[in-house]
file start_32.cif (mmCIF, C-alpha atoms)
data_start
#
loop_
_atom_site.label_atom_id
_atom_site.label_comp_id
_atom_site.auth_asym_id
_atom_site.auth_seq_id
_atom_site.Cartn_x
_atom_site.Cartn_y
_atom_site.Cartn_z
CA MET P 1 11.69 19.42 -13.00
CA THR P 2 10.05 17.09 -15.49
CA GLU P 3 7.90 14.31 -14.11
CA PRO P 4 10.12 11.57 -12.64
CA LEU P 5 10.41 8.18 -14.33
CA VAL P 6 10.38 5.55 -11.59
CA LEU P 7 10.53 1.76 -11.58
CA GLY P 8 8.78 0.08 -8.64
CA ILE P 9 9.22 -3.45 -7.29
CA GLU P 10 6.61 -5.19 -5.12
CA THR P 11 7.23 -8.60 -3.48
CA SER P 12 5.43 -8.40 -0.13
CA CYS P 13 3.41 -11.58 -0.66
CA ASP P 14 2.79 -13.87 -3.63
CA GLU P 15 2.90 -11.43 -6.55
CA THR P 16 6.11 -10.30 -8.21
CA GLY P 17 5.12 -6.85 -9.43
CA VAL P 18 7.21 -4.42 -11.47
CA GLY P 19 5.67 -1.10 -12.47
CA ILE P 20 6.99 1.90 -14.33
CA VAL P 21 5.41 5.34 -14.05
CA ARG P 22 6.21 8.83 -15.21
CA GLY P 23 4.72 11.15 -12.62
CA HIS P 24 1.06 10.09 -12.46
CA THR P 25 1.12 8.26 -15.80
CA LEU P 26 1.32 4.47 -15.80
CA LEU P 27 3.67 3.12 -18.47
CA ALA P 28 3.91 -0.55 -17.47
CA ASP P 29 2.45 -2.87 -14.86
CA ALA P 30 3.96 -6.36 -15.11
CA VAL P 31 2.88 -8.99 -12.58
CA ALA P 32 3.95 -12.60 -12.14
CA SER P 33 1.71 -14.36 -9.63
CA SER P 34 2.52 -17.56 -7.78
CA VAL P 35 -1.06 -17.98 -6.55
CA ASP P 36 -1.52 -21.28 -8.38
CA GLU P 37 1.44 -22.74 -6.49
CA HIS P 38 -0.21 -21.82 -3.17
CA ALA P 39 -3.76 -22.86 -4.04
CA ARG P 40 -3.24 -26.51 -3.15
CA PHE P 41 -2.19 -25.45 0.36
CA GLY P 42 -5.23 -23.20 0.82
CA GLY P 43 -3.04 -20.17 1.55
CA VAL P 44 0.28 -18.51 0.86
CA VAL P 45 3.39 -20.51 1.82
CA PRO P 46 6.19 -18.01 2.55
CA GLU P 47 9.07 -20.17 1.29
CA VAL P 48 7.24 -20.98 -1.93
CA ALA P 49 6.52 -17.29 -2.46
CA SER P 50 10.15 -16.31 -1.90
CA ARG P 51 11.45 -18.86 -4.40
CA ALA P 52 8.84 -17.80 -6.95
CA HIS P 53 9.99 -14.17 -6.62
CA LEU P 54 13.57 -15.22 -7.29
CA GLU P 55 12.58 -16.98 -10.48
CA ALA P 56 10.22 -14.27 -11.72
CA MET P 57 12.18 -11.12 -10.87
CA VAL P 58 14.42 -10.68 -13.93
CA PRO P 59 11.80 -11.71 -16.54
CA THR P 60 9.22 -9.40 -14.95
CA ILE P 61 11.62 -6.43 -14.93
CA GLU P 62 12.46 -7.09 -18.59
CA ARG P 63 8.77 -7.34 -19.50
CA ALA P 64 7.98 -4.05 -17.76
CA CYS P 65 10.84 -2.24 -19.51
CA ASP P 66 9.77 -3.63 -22.88
CA THR P 67 6.17 -2.55 -22.31
CA ALA P 68 7.22 0.95 -21.26
CA GLY P 69 9.74 1.20 -24.08
CA ILE P 70 12.60 2.21 -21.80
CA ARG P 71 16.01 1.01 -20.69
CA LEU P 72 16.88 0.63 -17.03
CA SER P 73 19.39 3.45 -17.39
CA ASP P 74 16.50 5.80 -18.30
CA VAL P 75 14.83 5.72 -14.90
CA ASP P 76 15.31 8.49 -12.35
CA ALA P 77 14.86 6.24 -9.32
CA ILE P 78 14.10 2.73 -8.09
CA ALA P 79 11.32 2.20 -5.52
CA VAL P 80 10.72 -1.02 -3.62
CA THR P 81 8.36 -2.32 -0.96
CA SER P 82 10.41 -2.49 2.22
CA GLY P 83 7.49 -3.68 4.38
CA PRO P 84 5.19 -4.83 5.78
CA GLY P 85 4.85 -8.34 4.36
CA LEU P 86 6.47 -11.76 4.36
CA ALA P 87 10.08 -11.40 5.48
CA GLY P 88 11.64 -13.70 2.88
CA ALA P 89 9.55 -12.32 0.04
CA LEU P 90 10.43 -8.74 0.98
CA MET P 91 14.13 -9.59 1.09
CA VAL P 92 14.05 -10.76 -2.53
CA GLY P 93 12.54 -7.50 -3.74
CA VAL P 94 14.76 -5.27 -1.61
CA ALA P 95 17.91 -7.13 -2.73
CA ALA P 96 16.88 -6.83 -6.38
CA ALA P 97 16.18 -3.10 -6.01
CA LYS P 98 19.55 -2.53 -4.36
CA ALA P 99 21.31 -4.37 -7.17
CA LEU P 100 19.50 -2.28 -9.79
CA ALA P 101 20.20 0.97 -7.95
CA ILE P 102 23.90 0.18 -7.78
CA GLY P 103 24.03 -1.14 -11.34
CA VAL P 104 22.42 1.90 -12.97
CA GLY P 105 23.62 4.46 -10.44
CA LYS P 106 20.16 5.67 -9.39
CA PRO P 107 18.68 6.53 -5.97
CA ILE P 108 16.57 3.94 -4.16
CA TYR P 109 13.42 4.53 -2.13
CA GLY P 110 12.27 1.83 0.30
CA VAL P 111 8.55 2.48 0.80
CA ASN P 112 5.61 1.23 2.83
CA HIS P 113 3.31 -1.26 1.13
CA LEU P 114 0.17 0.23 2.70
CA ALA P 115 0.96 3.80 1.67
CA ALA P 116 1.63 2.50 -1.84
CA HIS P 117 -1.96 1.22 -1.97
CA VAL P 118 -3.03 4.82 -1.35
CA ALA P 119 -0.64 6.39 -3.87
CA VAL P 120 -1.68 4.11 -6.74
CA ASP P 121 -5.04 5.85 -7.04
CA GLN P 122 -3.21 8.87 -8.48
CA LEU P 123 -2.46 6.85 -11.61
CA GLU P 124 -6.17 6.70 -12.35
CA HIS P 125 -7.79 9.72 -10.72
CA GLY P 126 -4.99 12.27 -10.45
CA PRO P 127 -3.52 13.97 -7.35
CA LEU P 128 -4.92 12.90 -4.00
CA PRO P 129 -7.16 15.30 -2.15
CA GLU P 130 -5.46 16.30 1.08
CA PRO P 131 -6.71 15.34 3.51
CA CYS P 132 -8.44 12.13 2.50
CA LEU P 133 -9.57 9.08 4.43
CA ALA P 134 -7.96 5.88 3.16
CA MET P 135 -9.55 2.53 3.90
CA LEU P 136 -7.12 -0.28 3.12
CA VAL P 137 -8.60 -3.78 3.00
CA SER P 138 -6.46 -6.76 2.07
CA GLY P 139 -5.44 -10.22 3.23
CA GLY P 140 -3.33 -8.90 6.06
CA HIS P 141 -4.70 -5.45 6.79
CA SER P 142 -7.97 -3.65 7.44
CA SER P 143 -7.06 -0.05 8.24
CA LEU P 144 -8.49 3.44 8.33
CA LEU P 145 -5.92 6.20 7.74
CA ARG P 146 -6.09 9.97 7.73
CA VAL P 147 -3.77 11.00 4.90
CA THR P 148 -2.51 14.57 4.55
CA ASP P 149 0.75 13.67 2.79
CA VAL P 150 1.09 10.23 1.21
CA THR P 151 4.89 10.40 1.54
CA GLY P 152 4.52 10.51 5.32
CA GLN P 153 6.07 13.94 5.82
CA ASP P 154 5.21 15.52 9.19
CA GLY P 155 2.86 12.73 10.24
CA GLY P 156 1.14 12.71 6.88
CA VAL P 157 -0.28 9.20 7.39
CA ASP P 158 -2.20 8.94 10.67
CA PRO P 159 -3.85 5.62 11.63
CA LEU P 160 -7.39 5.95 12.98
CA GLY P 161 -8.26 2.26 13.19
CA ALA P 162 -6.99 -1.20 12.30
CA THR P 163 -7.88 -4.86 12.48
CA ILE P 164 -7.44 -6.47 15.89
CA ASP P 165 -7.58 -10.07 14.61
CA ASP P 166 -8.53 -11.44 11.18
CA ALA P 167 -8.37 -8.86 8.39
CA ALA P 168 -11.16 -8.78 5.81
CA GLY P 169 -9.13 -10.62 3.18
CA GLU P 170 -8.21 -13.38 5.63
CA ALA P 171 -11.87 -13.84 6.47
CA PHE P 172 -12.77 -14.14 2.79
CA ASP P 173 -10.13 -16.84 2.29
CA LYS P 174 -11.18 -18.83 5.37
CA VAL P 175 -14.89 -18.67 4.62
CA ALA P 176 -14.25 -19.66 1.00
CA ARG P 177 -12.46 -22.75 2.28
CA LEU P 178 -15.47 -23.56 4.53
CA LEU P 179 -17.75 -23.32 1.50
CA GLY P 180 -15.51 -25.44 -0.74
CA LEU P 181 -14.52 -22.48 -2.93
CA PRO P 182 -11.02 -22.10 -4.39
CA PHE P 183 -8.17 -19.94 -3.08
CA PRO P 184 -7.93 -16.97 -3.11
CA GLY P 185 -11.41 -16.68 -1.70
CA GLY P 186 -12.33 -13.07 -2.43
CA PRO P 187 -13.17 -13.28 -6.15
CA HIS P 188 -14.98 -16.60 -5.75
CA ILE P 189 -17.16 -15.38 -2.87
CA ASP P 190 -17.94 -12.21 -4.81
CA ARG P 191 -19.00 -14.30 -7.80
CA ALA P 192 -21.10 -16.73 -5.73
CA ALA P 193 -22.74 -13.90 -3.80
CA ARG P 194 -24.23 -12.42 -6.97
CA GLU P 195 -26.56 -15.43 -7.13
CA GLY P 196 -27.31 -15.45 -3.39
CA ASP P 197 -29.61 -13.82 -0.83
CA ARG P 198 -27.80 -11.14 1.21
CA VAL P 199 -30.21 -11.50 4.16
CA TYR P 200 -30.45 -15.31 4.15
CA VAL P 201 -28.38 -15.43 7.37
CA ASP P 202 -28.00 -12.50 9.75
CA PHE P 203 -24.31 -12.91 10.54
CA PRO P 204 -22.74 -10.75 13.31
CA ARG P 205 -21.12 -7.39 12.67
CA GLY P 206 -17.91 -7.26 14.70
CA LEU P 207 -17.09 -4.29 16.94
CA THR P 208 -20.33 -2.45 16.23
CA SER P 209 -22.11 -2.73 19.59
CA ARG P 210 -22.35 0.39 21.74
CA ARG P 211 -19.71 -0.89 24.16
CA ASP P 212 -17.35 -1.89 21.33
CA LEU P 213 -17.73 1.47 19.64
CA GLU P 214 -16.63 3.22 22.83
CA ARG P 215 -13.28 1.40 22.75
CA HIS P 216 -12.87 0.38 19.10
CA ARG P 217 -14.90 2.90 17.13
CA PHE P 218 -12.74 2.66 14.00
CA ASP P 219 -11.19 -0.78 14.54
CA PHE P 220 -12.16 -4.00 12.78
CA SER P 221 -12.64 -7.63 13.82
CA PHE P 222 -13.67 -10.41 11.47
CA SER P 223 -12.62 -13.44 13.52
CA GLY P 224 -16.04 -13.75 15.18
CA LEU P 225 -17.79 -13.48 11.83
CA LYS P 226 -15.62 -16.23 10.38
CA THR P 227 -16.42 -18.44 13.38
CA ALA P 228 -20.15 -17.71 13.07
CA VAL P 229 -20.10 -18.83 9.44
CA ALA P 230 -18.21 -22.00 10.41
CA ARG P 231 -20.72 -22.86 13.15
CA TRP P 232 -23.66 -22.24 10.82
CA VAL P 233 -22.20 -24.44 8.09
CA GLU P 234 -21.34 -27.19 10.62
CA ALA P 235 -24.91 -27.16 11.97
CA ARG P 236 -26.35 -27.63 8.48
CA GLU P 237 -23.96 -30.46 7.73
CA ARG P 238 -24.78 -32.22 11.01
CA SER P 239 -28.47 -32.08 10.22
CA GLY P 240 -27.83 -33.53 6.77
CA GLU P 241 -29.11 -30.44 4.99
CA PRO P 242 -27.28 -28.99 1.98
CA VAL P 243 -25.32 -25.79 2.49
CA PRO P 244 -26.67 -23.01 0.23
CA VAL P 245 -23.25 -21.76 -0.82
CA ASN P 246 -24.45 -18.73 -2.76
CA ASP P 247 -26.70 -17.54 0.05
CA VAL P 248 -24.06 -18.01 2.74
CA ALA P 249 -21.47 -16.25 0.58
CA ALA P 250 -23.85 -13.32 0.00
CA SER P 251 -24.77 -13.06 3.68
CA PHE P 252 -21.13 -13.20 4.79
CA GLN P 253 -20.05 -10.65 2.19
CA GLU P 254 -22.87 -8.33 3.24
CA ALA P 255 -21.68 -8.45 6.87
CA VAL P 256 -18.10 -7.61 5.91
CA CYS P 257 -19.04 -4.77 3.58
CA ASP P 258 -21.56 -3.38 6.06
CA VAL P 259 -18.91 -3.03 8.78
CA LEU P 260 -16.20 -1.69 6.47
CA THR P 261 -18.33 0.98 4.86
CA ARG P 262 -20.14 1.96 8.05
CA LYS P 263 -16.87 2.62 9.87
CA ALA P 264 -15.21 4.35 6.92
CA VAL P 265 -18.08 6.81 6.48
CA ASP P 266 -18.27 7.38 10.24
CA ALA P 267 -14.54 8.14 10.35
CA ALA P 268 -14.77 10.56 7.43
CA VAL P 269 -17.69 12.43 9.01
CA SER P 270 -15.93 12.50 12.38
CA GLU P 271 -12.72 13.90 10.83
CA GLY P 272 -14.52 16.35 8.55
CA ILE P 273 -13.07 14.68 5.46
CA GLU P 274 -14.93 14.82 2.14
CA ASP P 275 -13.03 12.13 0.21
CA ILE P 276 -12.69 8.40 0.93
CA LEU P 277 -10.12 6.33 -0.95
CA ILE P 278 -10.40 2.53 -0.86
CA GLY P 279 -7.42 0.32 -1.69
CA GLY P 280 -6.11 -3.21 -1.23
CA GLY P 281 -7.22 -6.49 -2.75
CA VAL P 282 -10.67 -6.50 -1.13
CA ALA P 283 -11.36 -3.12 -2.76
CA ALA P 284 -11.96 -5.11 -5.95
CA ASN P 285 -15.11 -6.57 -4.36
CA SER P 286 -18.16 -5.42 -6.29
CA ARG P 287 -20.50 -5.20 -3.28
CA LEU P 288 -17.99 -3.18 -1.26
CA ARG P 289 -17.58 -0.70 -4.08
CA ALA P 290 -21.33 -0.26 -4.56
CA MET P 291 -22.14 0.02 -0.86
CA ALA P 292 -19.31 2.48 -0.18
CA GLU P 293 -20.43 4.80 -2.97
CA GLU P 294 -24.06 4.64 -1.86
CA ARG P 295 -23.39 5.32 1.82
CA ALA P 296 -20.78 7.99 1.19
CA ALA P 297 -23.01 9.83 -1.27
CA ALA P 298 -25.73 10.00 1.36
CA LYS P 299 -23.30 12.00 3.52
CA GLY P 300 -21.98 14.16 0.69
CA ILE P 301 -18.66 12.31 0.61
CA ARG P 302 -16.81 11.39 -2.58
CA VAL P 303 -15.32 7.92 -3.07
CA ARG P 304 -12.23 7.04 -5.10
CA ILE P 305 -11.42 3.40 -5.87
CA PRO P 306 -8.80 2.30 -8.42
CA ARG P 307 -9.79 -0.24 -11.05
CA PRO P 308 -9.58 -3.82 -9.71
CA GLY P 309 -6.21 -4.53 -11.36
CA LEU P 310 -4.62 -1.73 -9.34
CA CYS P 311 -6.25 -2.80 -6.06
CA THR P 312 -4.34 -6.07 -5.75
CA ASP P 313 -0.59 -6.02 -5.07
CA ASN P 314 1.38 -4.63 -8.01
CA GLY P 315 4.57 -2.79 -8.86
CA ALA P 316 2.71 0.21 -10.24
CA MET P 317 1.61 1.28 -6.77
CA VAL P 318 5.21 1.18 -5.52
CA ALA P 319 6.40 3.17 -8.52
CA ALA P 320 3.59 5.69 -7.96
CA LEU P 321 4.67 6.26 -4.37
CA GLY P 322 8.31 6.43 -5.44
CA ALA P 323 7.47 9.08 -8.03
CA GLU P 324 5.72 11.10 -5.35
CA MET P 325 8.83 10.84 -3.17
CA VAL P 326 11.00 12.18 -5.99
CA SER P 327 8.55 14.96 -6.87
CA ARG P 328 8.36 16.15 -3.27
CA GLY P 329 12.11 16.07 -2.82
CA ARG P 330 12.22 13.36 -0.17
CA THR P 331 15.69 12.10 0.72
CA PRO P 332 16.39 8.66 -0.84
CA SER P 333 16.92 5.58 1.32
CA ALA P 334 20.37 4.34 2.21
CA LEU P 335 21.65 1.24 0.43
CA ASP P 336 21.54 -0.69 3.69
CA LEU P 337 17.76 -0.25 3.96
CA PRO P 338 16.12 -3.28 5.59
CA ALA P 339 13.20 -5.52 4.71
CA ASP P 340 10.87 -4.97 7.66
CA SER P 341 7.98 -7.43 7.86
CA SER P 342 6.22 -5.38 10.57
CA LEU P 343 6.87 -1.89 9.22
CA PRO P 344 4.32 0.51 10.76
CA VAL P 345 2.13 2.46 8.36
CA THR P 346 3.37 5.74 9.84
CA GLU P 347 6.85 4.97 8.47
CA VAL P 348 6.26 5.55 4.77
CA LEU P 349 9.90 5.99 3.69
CA VAL P 350 12.54 3.68 5.15
#

call {"tool": "encode", "arguments": {"input": "start_32.cif", "output": "structure tokens"}}
result
Amino acid sequence: MTEPLVLGIETSCDETGVGIVRGHTLLADAVASSVDEHARFGGVVPEVASRAHLEAMVPTIERACDTAGIRLSDVDAIAVTSGPGLAGALMVGVAAAKALAIGVGKPIYGVNHLAAHVAVDQLEHGPLPEPCLAMLVSGGHSSLLRVTDVTGQDGGVDPLGATIDDAAGEAFDKVARLLGLPFPGGPHIDRAAREGDRVYVDFPRGLTSRRDLERHRFDFSFSGLKTAVARWVEARERSGEPVPVNDVAASFQEAVCDVLTRKAVDAAVSEGIEDILIGGGVAANSRLRAMAEERAAAKGIRVRIPRPGLCTDNGAMVAALGAEMVSRGRTPSALDLPADSSLPVTEVLV
């Protein structure tokens, strides 16, 4: 068959994303973000996000179709993030996808947000090596996955490790707030860190002690790191000394990237995997990208990271996974597919 033309809808958090792909070729990636509406609250407000999705959905679909030069009736399938994510936000996207599927008479694929972050790399670097080790780092997830089939067939996505408290993206947002930097924190900490000293403060590396590695070898914890930064900043403020924002940002970022890359490379070596794929919003971090490539190369491991615009939540990644579902002949979802805020990563197709 010819390469499938798929429209993907992503509404798991605060971005309304609509992407259109043909096979592994990206035709359109339209995003409407409500981040400015959340910034004054210092984090995403679920009800605000849901209402923003409602307002942005139709214009974003129209913009994507115009960019791709297609009509809705041209697509072979509709793909949508069914979970995990914010329940209300997911419901908006799933309802819109169902309406489109019924309206144009096309099959619908409810897919996993995390697996979509893996599939999107194909739009830039071609077919995924199988197996590969995927490290997903975002506001809600820090995960290590062994991927042999991104569509999830026959246990194709196998979790090796996950966050047990704060994910990396959450830690970036919370530390940014401590340092008086805007929301979302990741880009602002990355920018500040470029002017700072990475070894100014030796912040802790969570779950890396010998005892921790026995029980949580591939798991992540950034709650203690966040608290350590808070205590350090509070001590400076109590003593009346200025807080060196750039140096603290650089030292914090170094701790996060050290743990992420160390565990990812260790997992790849342990599993005999020669390719690491990094996805999720934190994958846009410049220090993470550089450190991952350096440490992986030392072990003879290749690293694949999509360009920053494809790391953050977007409809293109959902369309990419949907196209893979069609190409591999996976059975479409039923029209009563749910929005599942706690969808496990092992359930790639709902």

call {"tool": "closest_residue", "arguments": {"input": "start_32.cif", "among": "P:Leu5, P:Leu86, P:Leu26, P:Ile305", "to": "Leu133 of chain P", "atoms": "all atoms listed in the file"}}
result
P:Ile305

call {"tool": "atom_distance", "arguments": {"input": "start_32.cif", "atom1": "atom CA of Thr331 of chain P", "atom2": "atom CA of Val80 of chain P"}}
result
14.7 Å

call {"tool": "resolve_selection", "arguments": {"input": "start_32.cif", "expression": "the PyMOL selection byres ((chain P and resi 130) around 8)", "output": "ChimeraX atom specification"}}
result
/P:128-129,131-132,147-149

call {"tool": "atom_distance", "arguments": {"input": "start_32.cif", "atom1": "atom CA of Val303 of chain P", "atom2": "atom CA of Ala134 of chain P"}}
result
9.9 Å

call {"tool": "atom_distance", "arguments": {"input": "start_32.cif", "atom1": "atom CA of Thr67 of chain P", "atom2": "atom CA of Val31 of chain P"}}
result
12.1 Å

call {"tool": "residues_around", "arguments": {"input": "start_32.cif", "residues": "Pro59 of chain P", "least_positions_apart": "4", "cutoff": "12 Å", "atoms": "all atoms listed in the file", "output": "list in words"}}
result
Thr16, Gly17, Val18, Ala30, Val31, Ala32, Ala52, His53, Leu54, Glu55, Arg63, Ala64, Cys65 and Asp66 of chain P

call {"tool": "residues_around", "arguments": {"input": "start_32.cif", "residues": "His141 of chain P", "least_positions_apart": "3", "cutoff": "7 Å", "atoms": "all atoms listed in the file", "output": "list in words"}}
result
Leu136, Val137, Ser138, Thr163 and Ala167 of chain P

call {"tool": "write_last_selection", "arguments": {"input": "start_32.cif", "atoms": "C-alpha atoms", "output": "mmCIF file, in the frame of the given file"}}
result
data_model
loop_
_atom_site.group_PDB
_atom_site.id
_atom_site.type_symbol
_atom_site.label_atom_id
_atom_site.label_comp_id
_atom_site.auth_asym_id
_atom_site.auth_seq_id
_atom_site.Cartn_x
_atom_site.Cartn_y
_atom_site.Cartn_z
ATOM 1 C CA LEU P 136 -7.120 -0.280 3.120
ATOM 2 C CA VAL P 137 -8.600 -3.780 3.000
ATOM 3 C CA SER P 138 -6.460 -6.760 2.070
ATOM 4 C CA THR P 163 -7.880 -4.860 12.480
ATOM 5 C CA ALA P 167 -8.370 -8.860 8.390
#

call {"tool": "resolve_selection", "arguments": {"input": "start_32.cif", "expression": "the PyMOL selection byres ((chain P and resi 94) around 9)", "output": "PyMOL selection string"}}
result
chain P and resi 9-11+80-82+89-93+95-99+110+337-339

call {"tool": "closest_residue", "arguments": {"input": "start_32.cif", "among": "P:Gly300, P:Gly140, P:Pro332, P:Gly155", "to": "Val282 of chain P", "atoms": "only C-alpha atoms"}}
result
P:Gly140

call {"tool": "resolve_selection", "arguments": {"input": "start_32.cif", "expression": "the PyMOL selection byres ((chain P and resi 345) around 9)", "output": "PDB file with C-alpha atoms, in the coordinates of the input"}}
result
ATOM      1  CA  PRO P  84       5.190  -4.830   5.780  1.00  0.00           C
ATOM      2  CA  ASN P 112       5.610   1.230   2.830  1.00  0.00           C
ATOM      3  CA  HIS P 113       3.310  -1.260   1.130  1.00  0.00           C
ATOM      4  CA  LEU P 114       0.170   0.230   2.700  1.00  0.00           C
ATOM      5  CA  ALA P 115       0.960   3.800   1.670  1.00  0.00           C
ATOM      6  CA  LEU P 145      -5.920   6.200   7.740  1.00  0.00           C
ATOM      7  CA  GLY P 152       4.520  10.510   5.320  1.00  0.00           C
ATOM      8  CA  VAL P 157      -0.280   9.200   7.390  1.00  0.00           C
ATOM      9  CA  ASP P 158      -2.200   8.940  10.670  1.00  0.00           C
ATOM     10  CA  PRO P 159      -3.850   5.620  11.630  1.00  0.00           C
ATOM     11  CA  LEU P 343       6.870  -1.890   9.220  1.00  0.00           C
ATOM     12  CA  PRO P 344       4.320   0.510  10.760  1.00  0.00           C
ATOM     13  CA  THR P 346       3.370   5.740   9.840  1.00  0.00           C
ATOM     14  CA  GLU P 347       6.850   4.970   8.470  1.00  0.00           C
ATOM     15  CA  VAL P 348       6.260   5.550   4.770  1.00  0.00           C
TER      16      VAL P 348
END

call {"tool": "residues_around", "arguments": {"input": "start_32.cif", "residues": "Met135 of chain P", "least_positions_apart": "2", "cutoff": "9 Å", "atoms": "all atoms listed in the file", "output": "list of chain:residue names"}}
result
P:Val118, P:Leu133, P:Val137, P:Ser142, P:Ser143, P:Leu144, P:Leu145, P:Leu260, P:Thr261, P:Ala264, P:Ile276, P:Leu277, P:Ile278, P:Gly279, P:Gly280, P:Ala283

call {"tool": "residues_around", "arguments": {"input": "start_32.cif", "residues": "segment 247-254 of chain P", "least_positions_apart": "6", "cutoff": "7 Å", "atoms": "all atoms listed in the file", "output": "VMD selection string"}}
result
chain P and resid 189 192 to 193 196 to 203

call {"tool": "write_last_selection", "arguments": {"input": "start_32.cif", "atoms": "C-alpha atoms", "output": "CSV table (one decimal), in the coordinates of the input"}}
result
chain,number,residue,atom,x,y,z
P,189,ILE,CA,-17.2,-15.4,-2.9
P,192,ALA,CA,-21.1,-16.7,-5.7
P,193,ALA,CA,-22.7,-13.9,-3.8
P,196,GLY,CA,-27.3,-15.4,-3.4
P,197,ASP,CA,-29.6,-13.8,-0.8
P,198,ARG,CA,-27.8,-11.1,1.2
P,199,VAL,CA,-30.2,-11.5,4.2
P,200,TYR,CA,-30.4,-15.3,4.2
P,201,VAL,CA,-28.4,-15.4,7.4
P,202,ASP,CA,-28.0,-12.5,9.8
P,203,PHE,CA,-24.3,-12.9,10.5

call {"tool": "closest_residue", "arguments": {"input": "start_32.cif", "among": "P:Glu3, P:Asp173, P:Asp121, P:Glu237", "to": "Met317 of chain P", "atoms": "only C-alpha atoms"}}
result
P:Asp121

call {"tool": "residues_around", "arguments": {"input": "start_32.cif", "residues": "Pro107 of chain P", "least_positions_apart": "3", "cutoff": "9 Å", "atoms": "all atoms listed in the file", "output": "JSON, numbers by chain"}}
result
{"P": [76, 77, 78, 79, 101, 102, 332, 333, 334, 335]}

call {"tool": "decode", "arguments": {"input": "start_32.cif", "residues": "segment 220-232 of chain P", "atoms": "N, CA, C and O atoms", "output": "compact mmCIF listing (two decimals), in the first residue's frame"}}
result
# COMPACT_ATOMS: atom_id res chain seq x y z
N PHE P 220 14.06 6.87 38.58
CA PHE P 220 14.48 8.25 38.78
C PHE P 220 13.75 8.88 39.97
O PHE P 220 12.60 8.54 40.26
N SER P 221 14.43 9.81 40.62
CA SER P 221 13.83 10.60 41.70
C SER P 221 14.48 11.99 41.70
O SER P 221 15.70 12.11 41.83
N PHE P 222 13.64 13.01 41.53
CA PHE P 222 14.17 14.37 41.53
C PHE P 222 13.57 15.23 42.65
O PHE P 222 13.85 16.43 42.72
N SER P 223 12.76 14.62 43.50
CA SER P 223 12.17 15.37 44.61
C SER P 223 13.24 15.84 45.59
O SER P 223 13.23 16.97 46.06
N GLY P 224 14.18 14.95 45.93
CA GLY P 224 15.24 15.32 46.86
C GLY P 224 16.13 16.41 46.31
O GLY P 224 16.57 17.31 47.04
N LEU P 225 16.39 16.37 45.02
CA LEU P 225 17.20 17.41 44.38
C LEU P 225 16.50 18.75 44.45
O LEU P 225 17.11 19.77 44.78
N LYS P 226 15.22 18.75 44.15
CA LYS P 226 14.43 19.99 44.22
C LYS P 226 14.49 20.57 45.63
O LYS P 226 14.68 21.78 45.82
N THR P 227 14.33 19.70 46.64
CA THR P 227 14.37 20.15 48.03
C THR P 227 15.75 20.69 48.40
O THR P 227 15.87 21.69 49.12
N ALA P 228 16.80 20.03 47.90
CA ALA P 228 18.16 20.49 48.19
C ALA P 228 18.40 21.89 47.62
O ALA P 228 19.03 22.74 48.27
N VAL P 229 17.90 22.15 46.43
CA VAL P 229 18.02 23.48 45.84
C VAL P 229 17.26 24.50 46.69
O VAL P 229 17.76 25.60 46.98
N ALA P 230 16.05 24.13 47.12
CA ALA P 230 15.24 25.04 47.94
C ALA P 230 15.96 25.38 49.24
O ALA P 230 15.99 26.55 49.65
N ARG P 231 16.53 24.37 49.90
CA ARG P 231 17.23 24.62 51.18
C ARG P 231 18.46 25.50 50.96
O ARG P 231 18.77 26.37 51.78
N TRP P 232 19.17 25.28 49.86
CA TRP P 232 20.36 26.07 49.58
C TRP P 232 19.98 27.53 49.34
O TRP P 232 20.63 28.45 49.86
